[in-house]
file start17.txt (compact mmCIF, C-alpha atoms)
# COMPACT_ATOMS: atom_id res chain seq x y z
CA MET A 1 -27.13 13.98 39.12
CA SER A 2 -29.62 13.07 36.38
CA GLU A 3 -30.08 9.45 35.48
CA ASP A 4 -28.72 8.48 32.06
CA LYS A 5 -31.52 6.68 30.27
CA ASN A 6 -29.04 5.20 27.77
CA LEU A 7 -27.22 3.18 30.42
CA PRO A 8 -28.37 -0.44 30.64
CA GLY A 9 -30.42 -1.32 33.68
CA PRO A 10 -30.95 -4.72 35.29
CA GLU A 11 -33.80 -5.45 32.90
CA ASP A 12 -31.38 -4.98 29.94
CA SER A 13 -28.77 -7.39 31.25
CA LEU A 14 -28.13 -10.69 29.51
CA SER A 15 -26.85 -13.88 31.00
CA LEU A 16 -23.78 -15.33 29.27
CA GLY A 17 -25.63 -18.60 29.60
CA ASP A 18 -28.07 -17.37 26.97
CA GLU A 19 -25.85 -18.30 24.06
CA ASP A 20 -28.10 -17.08 21.23
CA ALA A 21 -28.63 -13.65 22.81
CA THR A 22 -24.92 -13.31 23.60
CA ILE A 23 -23.93 -14.12 19.99
CA LYS A 24 -26.49 -11.58 18.75
CA VAL A 25 -25.00 -8.84 20.97
CA LEU A 26 -21.48 -9.66 19.74
CA GLU A 27 -22.57 -9.65 16.09
CA ASP A 28 -24.34 -6.31 16.47
CA SER A 29 -21.31 -4.81 18.25
CA VAL A 30 -18.89 -5.97 15.55
CA MET A 31 -21.10 -4.53 12.80
CA ARG A 32 -21.23 -1.18 14.60
CA LEU A 33 -17.43 -1.25 14.88
CA TRP A 34 -17.24 -1.57 11.09
CA ASP A 35 -19.33 1.59 10.83
CA VAL A 36 -16.75 3.37 12.98
CA VAL A 37 -13.85 2.02 10.92
CA ASN A 38 -15.53 2.99 7.65
CA ASN A 39 -16.10 6.49 8.94
CA LEU A 40 -12.49 6.88 10.07
CA THR A 41 -11.13 5.69 6.72
CA ARG A 42 -12.82 8.67 5.05
CA LEU A 43 -10.21 10.92 6.68
CA LYS A 44 -7.30 11.71 4.36
CA PRO A 45 -4.10 13.54 5.33
CA THR A 46 -3.51 16.81 3.50
CA ASN A 47 -0.44 18.94 2.81
CA ARG A 48 2.08 16.24 3.71
CA GLY A 49 5.60 17.57 3.90
CA GLU A 50 7.18 14.71 1.97
CA PHE A 51 6.59 12.85 -1.28
CA HIS A 52 6.46 9.13 -0.49
CA VAL A 53 7.02 6.35 -3.01
CA THR A 54 5.77 2.92 -2.00
CA ILE A 55 7.74 0.06 -3.54
CA PHE A 56 6.09 -3.37 -3.68
CA GLY A 57 8.09 -6.49 -4.54
CA SER A 58 9.07 -10.04 -3.72
CA ALA A 59 10.33 -11.02 -0.27
CA ARG A 60 12.24 -13.97 -1.75
CA ILE A 61 14.94 -12.26 -3.83
CA GLN A 62 18.37 -12.66 -2.22
CA PRO A 63 20.91 -9.79 -1.90
CA GLU A 64 23.31 -11.45 -4.34
CA HIS A 65 20.71 -11.37 -7.14
CA TRP A 66 21.17 -8.64 -9.77
CA VAL A 67 17.54 -7.52 -9.35
CA TYR A 68 18.23 -6.77 -5.67
CA GLU A 69 21.10 -4.47 -6.64
CA ALA A 70 19.02 -2.78 -9.33
CA VAL A 71 16.17 -2.07 -6.89
CA ARG A 72 18.58 -0.81 -4.26
CA ASP A 73 20.08 1.65 -6.76
CA LEU A 74 16.62 2.74 -7.94
CA ALA A 75 15.49 3.49 -4.38
CA ALA A 76 18.74 5.33 -3.64
CA GLU A 77 18.17 7.63 -6.62
CA LEU A 78 14.57 8.29 -5.59
CA ALA A 79 15.70 9.08 -2.03
CA ARG A 80 18.33 11.51 -3.32
CA MET A 81 15.54 13.18 -5.30
CA GLY A 82 13.81 13.86 -1.97
CA CYS A 83 11.34 10.97 -1.94
CA GLY A 84 10.58 9.00 1.18
CA ILE A 85 10.75 5.26 0.53
CA VAL A 86 7.96 3.01 1.82
CA THR A 87 7.96 -0.81 1.71
CA GLY A 88 6.44 -3.76 3.49
CA GLY A 89 9.52 -3.75 5.74
CA GLY A 90 10.48 -7.35 5.07
CA PRO A 91 13.36 -9.10 3.26
CA GLY A 92 14.01 -9.43 -0.47
CA LEU A 93 13.18 -6.48 -2.70
CA MET A 94 11.60 -4.65 0.24
CA GLN A 95 14.97 -4.73 1.98
CA ALA A 96 16.70 -3.66 -1.24
CA ALA A 97 14.50 -0.55 -1.42
CA ASN A 98 15.05 0.35 2.24
CA GLU A 99 18.78 -0.24 1.83
CA GLY A 100 18.79 2.10 -1.14
CA ALA A 101 17.21 4.81 0.97
CA ALA A 102 19.89 4.26 3.63
CA MET A 103 22.58 4.70 0.95
CA ALA A 104 21.21 8.20 0.27
CA GLY A 105 22.16 9.31 3.79
CA PRO A 106 21.09 9.07 7.44
CA GLU A 107 18.15 11.45 7.02
CA ALA A 108 16.78 9.41 4.12
CA LYS A 109 17.14 6.24 6.17
CA GLU A 110 15.24 7.75 9.09
CA ARG A 111 12.37 8.63 6.73
CA SER A 112 12.35 5.15 5.20
CA MET A 113 9.22 3.26 6.28
CA GLY A 114 8.36 -0.39 6.71
CA ILE A 115 4.64 -1.15 7.02
CA ARG A 116 4.49 -4.69 8.37
CA VAL A 117 1.74 -7.25 8.85
CA HIS A 118 1.86 -9.94 11.52
CA LEU A 119 2.31 -13.41 10.01
CA PRO A 120 3.37 -16.48 12.00
CA PHE A 121 5.95 -17.51 9.36
CA GLU A 122 7.18 -14.05 8.36
CA GLN A 123 10.72 -12.91 9.05
CA GLY A 124 11.41 -9.78 11.06
CA THR A 125 11.81 -6.21 9.88
CA ASN A 126 14.84 -5.64 7.68
CA PRO A 127 17.71 -3.64 9.27
CA PHE A 128 17.44 -0.65 6.90
CA VAL A 129 13.99 0.54 7.95
CA GLY A 130 13.90 3.86 9.78
CA GLN A 131 10.23 3.82 10.84
CA VAL A 132 8.31 0.62 11.52
CA PHE A 133 4.52 0.27 11.62
CA GLU A 134 2.94 -3.04 12.62
CA HIS A 135 -0.51 -4.21 11.51
CA ARG A 136 -2.47 -7.31 12.41
CA THR A 137 -4.65 -7.30 9.30
CA PHE A 138 -3.99 -6.86 5.60
CA PHE A 139 -6.98 -4.53 5.50
CA SER A 140 -5.44 -1.89 7.78
CA ARG A 141 -1.96 -2.38 6.33
CA LEU A 142 -3.06 -1.84 2.73
CA HIS A 143 -5.05 1.21 3.76
CA HIS A 144 -1.91 2.57 5.45
CA PHE A 145 0.04 2.26 2.20
CA VAL A 146 -2.65 4.23 0.39
CA LEU A 147 -2.76 6.95 3.03
CA VAL A 148 0.98 7.70 2.92
CA SER A 149 1.79 7.30 -0.79
CA GLU A 150 2.11 9.77 -3.65
CA ALA A 151 3.34 7.11 -6.08
CA PHE A 152 3.55 3.32 -6.33
CA VAL A 153 6.26 1.24 -8.00
CA VAL A 154 5.53 -2.47 -8.43
CA LEU A 155 8.50 -4.77 -8.91
CA PRO A 156 8.56 -8.49 -9.71
CA GLY A 157 6.75 -10.38 -6.99
CA GLY A 158 4.40 -13.17 -6.06
CA ILE A 159 0.83 -13.41 -4.85
CA GLY A 160 1.20 -10.74 -2.16
CA THR A 161 2.70 -8.24 -4.59
CA THR A 162 -0.05 -9.03 -7.09
CA MET A 163 -2.69 -8.39 -4.44
CA GLU A 164 -1.14 -5.02 -3.61
CA LEU A 165 -0.96 -4.06 -7.28
CA MET A 166 -4.58 -4.99 -7.96
CA MET A 167 -5.83 -3.14 -4.89
CA VAL A 168 -4.14 0.11 -5.92
CA TRP A 169 -5.26 -0.35 -9.54
CA GLN A 170 -8.87 -0.83 -8.45
CA LEU A 171 -8.81 2.21 -6.12
CA LEU A 172 -7.52 4.34 -8.99
CA GLN A 173 -10.17 2.88 -11.31
CA VAL A 174 -13.04 3.90 -9.01
CA ARG A 175 -11.31 7.19 -8.10
CA LYS A 176 -10.97 6.50 -4.41
CA ILE A 177 -7.44 7.77 -5.01
CA GLN A 178 -6.49 10.07 -7.88
CA LYS A 179 -3.48 11.48 -9.70
CA ILE A 180 -1.14 8.90 -8.18
CA PRO A 181 1.22 7.09 -10.57
CA LEU A 182 1.05 3.30 -10.59
CA ILE A 183 4.28 2.18 -12.26
CA LEU A 184 4.81 -1.49 -13.14
CA LEU A 185 8.46 -2.34 -13.70
CA GLY A 186 9.28 -5.53 -15.59
CA ASP A 187 7.93 -7.88 -18.22
CA MET A 188 5.69 -9.90 -15.90
CA TRP A 189 3.38 -6.96 -15.25
CA GLU A 190 3.24 -5.89 -18.89
CA GLU A 191 2.02 -9.38 -19.68
CA LEU A 192 -0.58 -9.10 -16.90
CA VAL A 193 -1.93 -5.87 -18.38
CA GLU A 194 -2.04 -7.43 -21.84
CA TRP A 195 -3.89 -10.45 -20.41
CA SER A 196 -6.38 -8.04 -18.80
CA LYS A 197 -6.98 -6.30 -22.12
CA LYS A 198 -7.45 -9.62 -23.90
CA TYR A 199 -10.08 -10.97 -21.54
CA MET A 200 -11.71 -7.88 -20.04
CA LEU A 201 -12.25 -5.94 -23.27
CA GLN A 202 -13.91 -8.62 -25.38
CA PRO A 203 -16.65 -6.80 -27.39
CA GLU A 204 -19.23 -9.46 -26.64
CA PHE A 205 -18.36 -9.65 -22.93
CA GLU A 206 -16.73 -6.40 -21.84
CA MET A 207 -15.85 -6.31 -18.14
CA ALA A 208 -13.83 -3.07 -17.94
CA ASN A 209 -13.43 0.24 -19.74
CA LYS A 210 -10.42 0.83 -21.98
CA GLU A 211 -9.45 3.73 -19.72
CA ASP A 212 -9.24 1.37 -16.74
CA LEU A 213 -6.48 -0.60 -18.41
CA LEU A 214 -4.44 2.52 -19.15
CA ILE A 215 -4.03 3.27 -15.43
CA PRO A 216 -0.88 1.18 -14.85
CA GLN A 217 2.21 2.58 -16.57
CA CYS A 218 4.34 -0.35 -17.71
CA VAL A 219 8.07 0.30 -18.00
CA LYS A 220 11.10 -1.88 -18.61
CA THR A 221 13.91 0.11 -16.96
CA ALA A 222 14.75 1.89 -13.74
CA GLU A 223 15.53 5.01 -15.77
CA GLU A 224 11.97 5.14 -17.09
CA THR A 225 10.67 4.68 -13.56
CA ILE A 226 12.81 7.51 -12.24
CA GLY A 227 11.62 9.77 -15.05
CA LEU A 228 7.96 9.15 -14.25
CA ILE A 229 8.52 9.67 -10.52
CA ARG A 230 10.49 12.85 -11.16
CA SER A 231 7.60 14.30 -13.20
CA ALA A 232 5.08 13.38 -10.50
CA HIS A 233 7.37 14.82 -7.82
CA GLU A 234 7.71 18.11 -9.70
CA GLU A 235 3.92 18.37 -10.05
CA TRP A 236 3.55 17.65 -6.34
CA LEU A 237 6.04 20.41 -5.48
CA LYS A 238 4.12 22.88 -7.67
CA SER A 239 0.87 22.00 -5.93
CA LYS A 240 2.40 22.96 -2.59
CA ASN A 241 3.41 26.48 -3.71

call {"tool": "encode", "arguments": {"input": "start17.txt", "output": "structure tokens"}}
result
Amino acid sequence: MSEDKNLPGPEDSLSLGDEDATIKVLEDSVMRLWDVVNNLTRLKPTNRGEFHVTIFGSARIQPEHWVYEAVRDLAAELARMGCGIVTGGGPGLMQAANEGAAMAGPEAKERSMGIRVHLPFEQGTNPFVGQVFEHRTFFSRLHHFVLVSEAFVVLPGGIGTTMELMMVWQLLQVRKIQKIPLILLGDMWEELVEWSKKYMLQPEFEMANKEDLLIPQCVKTAEETIGLIRSAHEEWLKSKN
């Protein structure tokens, strides 16, 4: 058997008592791991058999609130259209969307996804999720949403929902993802887009292109949302033929 020259020998060994050298080895190893992760994230699934709509929204909205019912009905209609529903898997409007998928039938419920992140204060997965995926970092979780989604719908939400919206917006801006609708439902997001135009498109201090701020499609009703998703779904079906 030939000797592998790449294997460390006694002269390459480090004592854990040598704190500086040990930290250097750990730092170098972690940086090389990032190279591996970055390489793996270049891989994109192709020819998926289902059109998935990711729905982002607040975890704090209670089932008795009218917005919960509206989101549930929206997701049910999308599921009946043949869309798989994807959420963060938690309570509030995430649960409303997964419940809507369950209303469309047992097969739609089984396809309904919850992509979770581990948080010490977070509640468990809502009971309407068919498939659960657990992540320990927001980085891997957000990347998972991007990998599985053909459309995004952003509902009223807080800081987490805003982060998810801005991430998808930025990926579309730099064309890391393309031809994927980003639909913002509700007045709060329309005001956010208008704020962005006001401050980012100042002639003397322009920080974005006008085209960048046309990426999100702001709508006020579920019917408008369904219409945009239906058009995207039809285009997706044509691309598979």

call {"tool": "residues_near_point", "arguments": {"input": "start17.txt", "point": "(4.6, -3.4, -18.8)", "cutoff": "6 Å", "atoms": "all atoms listed in the file", "output": "PyMOL selection string"}}
result
chain A and resi 184+187+189-190+218-219

call {"tool": "write_last_selection", "arguments": {"input": "start17.txt", "atoms": "C-alpha atoms", "output": "PDB file, keeping the file's coordinate frame"}}
result
ATOM      1  CA  LEU A 184       4.810  -1.490 -13.140  1.00  0.00           C
ATOM      2  CA  ASP A 187       7.930  -7.880 -18.220  1.00  0.00           C
ATOM      3  CA  TRP A 189       3.380  -6.960 -15.250  1.00  0.00           C
ATOM      4  CA  GLU A 190       3.240  -5.890 -18.890  1.00  0.00           C
ATOM      5  CA  CYS A 218       4.340  -0.350 -17.710  1.00  0.00           C
ATOM      6  CA  VAL A 219       8.070   0.300 -18.000  1.00  0.00           C
TER       7      VAL A 219
END

call {"tool": "residues_around", "arguments": {"input": "start17.txt", "residues": "Ala70 in chain A", "least_positions_apart": "6", "cutoff": "10 Å", "atoms": "all atoms listed in the file", "output": "PyMOL selection string"}}
result
chain A and resi 76+93+96-97+100+221-222

call {"tool": "atom_distance", "arguments": {"input": "start17.txt", "atom1": "CA of Leu142 in chain A", "atom2": "CA of Thr87 in chain A"}}
result
11.1 Å

call {"tool": "atom_distance", "arguments": {"input": "start17.txt", "atom1": "CA of Leu74 in chain A", "atom2": "CA of Leu165 in chain A"}}
result
18.9 Å

call {"tool": "closest_residue", "arguments": {"input": "start17.txt", "among": "A:Phe138, A:Val30, A:Ile180, A:Lys240", "to": "Met163 in chain A", "atoms": "all atoms listed in the file"}}
result
A:Phe138

call {"tool": "atom_distance", "arguments": {"input": "start17.txt", "atom1": "CA of Phe152 in chain A", "atom2": "CA of Ile229 in chain A"}}
result
9.1 Å

call {"tool": "residues_near_point", "arguments": {"input": "start17.txt", "point": "(2.1, 4.2, -12.9)", "cutoff": "12 Å", "atoms": "only C-alpha atoms", "output": "ChimeraX atom specification"}}
result
/A:53-55,150-155,165,168-169,172,178-185,189-190,213-219,224-229,231-232

call {"tool": "closest_residue", "arguments": {"input": "start17.txt", "among": "A:Pro120, A:Gly57, A:Gly17, A:Pro156", "to": "Gly88 in chain A", "atoms": "all atoms listed in the file"}}
result
A:Gly57

call {"tool": "residues_around", "arguments": {"input": "start17.txt", "residues": "Leu237 in chain A", "least_positions_apart": "3", "cutoff": "12 Å", "atoms": "all atoms listed in the file", "output": "list in words"}}
result
Asn47, Arg48, Gly49, Glu50, Phe51, Met81, Gly82, Cys83, Glu150, Arg230, Ser231, Ala232, His233, Glu234, Lys240 and Asn241 of chain A

call {"tool": "closest_residue", "arguments": {"input": "start17.txt", "among": "A:Met167, A:Ala59, A:Ile85, A:Ile23", "to": "Glu107 in chain A", "atoms": "all atoms listed in the file"}}
result
A:Ile85

call {"tool": "residues_around", "arguments": {"input": "start17.txt", "residues": "Arg136 in chain A", "least_positions_apart": "5", "cutoff": "12 Å", "atoms": "all atoms listed in the file", "output": "ChimeraX atom specification"}}
result
/A:115-120,141-142

call {"tool": "closest_residue", "arguments": {"input": "start17.txt", "among": "A:Gln170, A:Gly92, A:Arg175, A:Thr137", "to": "His65 in chain A", "atoms": "all atoms listed in the file"}}
result
A:Gly92

call {"tool": "residues_around", "arguments": {"input": "start17.txt", "residues": "Ala108 in chain A", "least_positions_apart": "2", "cutoff": "12 Å", "atoms": "only C-alpha atoms", "output": "tab-separated table (two decimals) with C-alpha atoms, keeping the file's coordinate frame"}}
result
chain	number	residue	atom	x	y	z
A	50	GLU	CA	7.18	14.71	1.97
A	52	HIS	CA	6.46	9.13	-0.49
A	75	ALA	CA	15.49	3.49	-4.38
A	76	ALA	CA	18.74	5.33	-3.64
A	77	GLU	CA	18.17	7.63	-6.62
A	78	LEU	CA	14.57	8.29	-5.59
A	79	ALA	CA	15.70	9.08	-2.03
A	80	ARG	CA	18.33	11.51	-3.32
A	81	MET	CA	15.54	13.18	-5.30
A	82	GLY	CA	13.81	13.86	-1.97
A	83	CYS	CA	11.34	10.97	-1.94
A	84	GLY	CA	10.58	9.00	1.18
A	85	ILE	CA	10.75	5.26	0.53
A	86	VAL	CA	7.96	3.01	1.82
A	97	ALA	CA	14.50	-0.55	-1.42
A	98	ASN	CA	15.05	0.35	2.24
A	99	GLU	CA	18.78	-0.24	1.83
A	100	GLY	CA	18.79	2.10	-1.14
A	101	ALA	CA	17.21	4.81	0.97
A	102	ALA	CA	19.89	4.26	3.63
A	103	MET	CA	22.58	4.70	0.95
A	104	ALA	CA	21.21	8.20	0.27
A	105	GLY	CA	22.16	9.31	3.79
A	106	PRO	CA	21.09	9.07	7.44
A	110	GLU	CA	15.24	7.75	9.09
A	111	ARG	CA	12.37	8.63	6.73
A	112	SER	CA	12.35	5.15	5.20
A	113	MET	CA	9.22	3.26	6.28
A	128	PHE	CA	17.44	-0.65	6.90
A	129	VAL	CA	13.99	0.54	7.95
A	130	GLY	CA	13.90	3.86	9.78
A	131	GLN	CA	10.23	3.82	10.84

call {"tool": "closest_residue", "arguments": {"input": "start17.txt", "among": "A:Val148, A:Leu171, A:Ile159, A:Val25", "to": "Ser58 in chain A", "atoms": "all atoms listed in the file"}}
result
A:Ile159
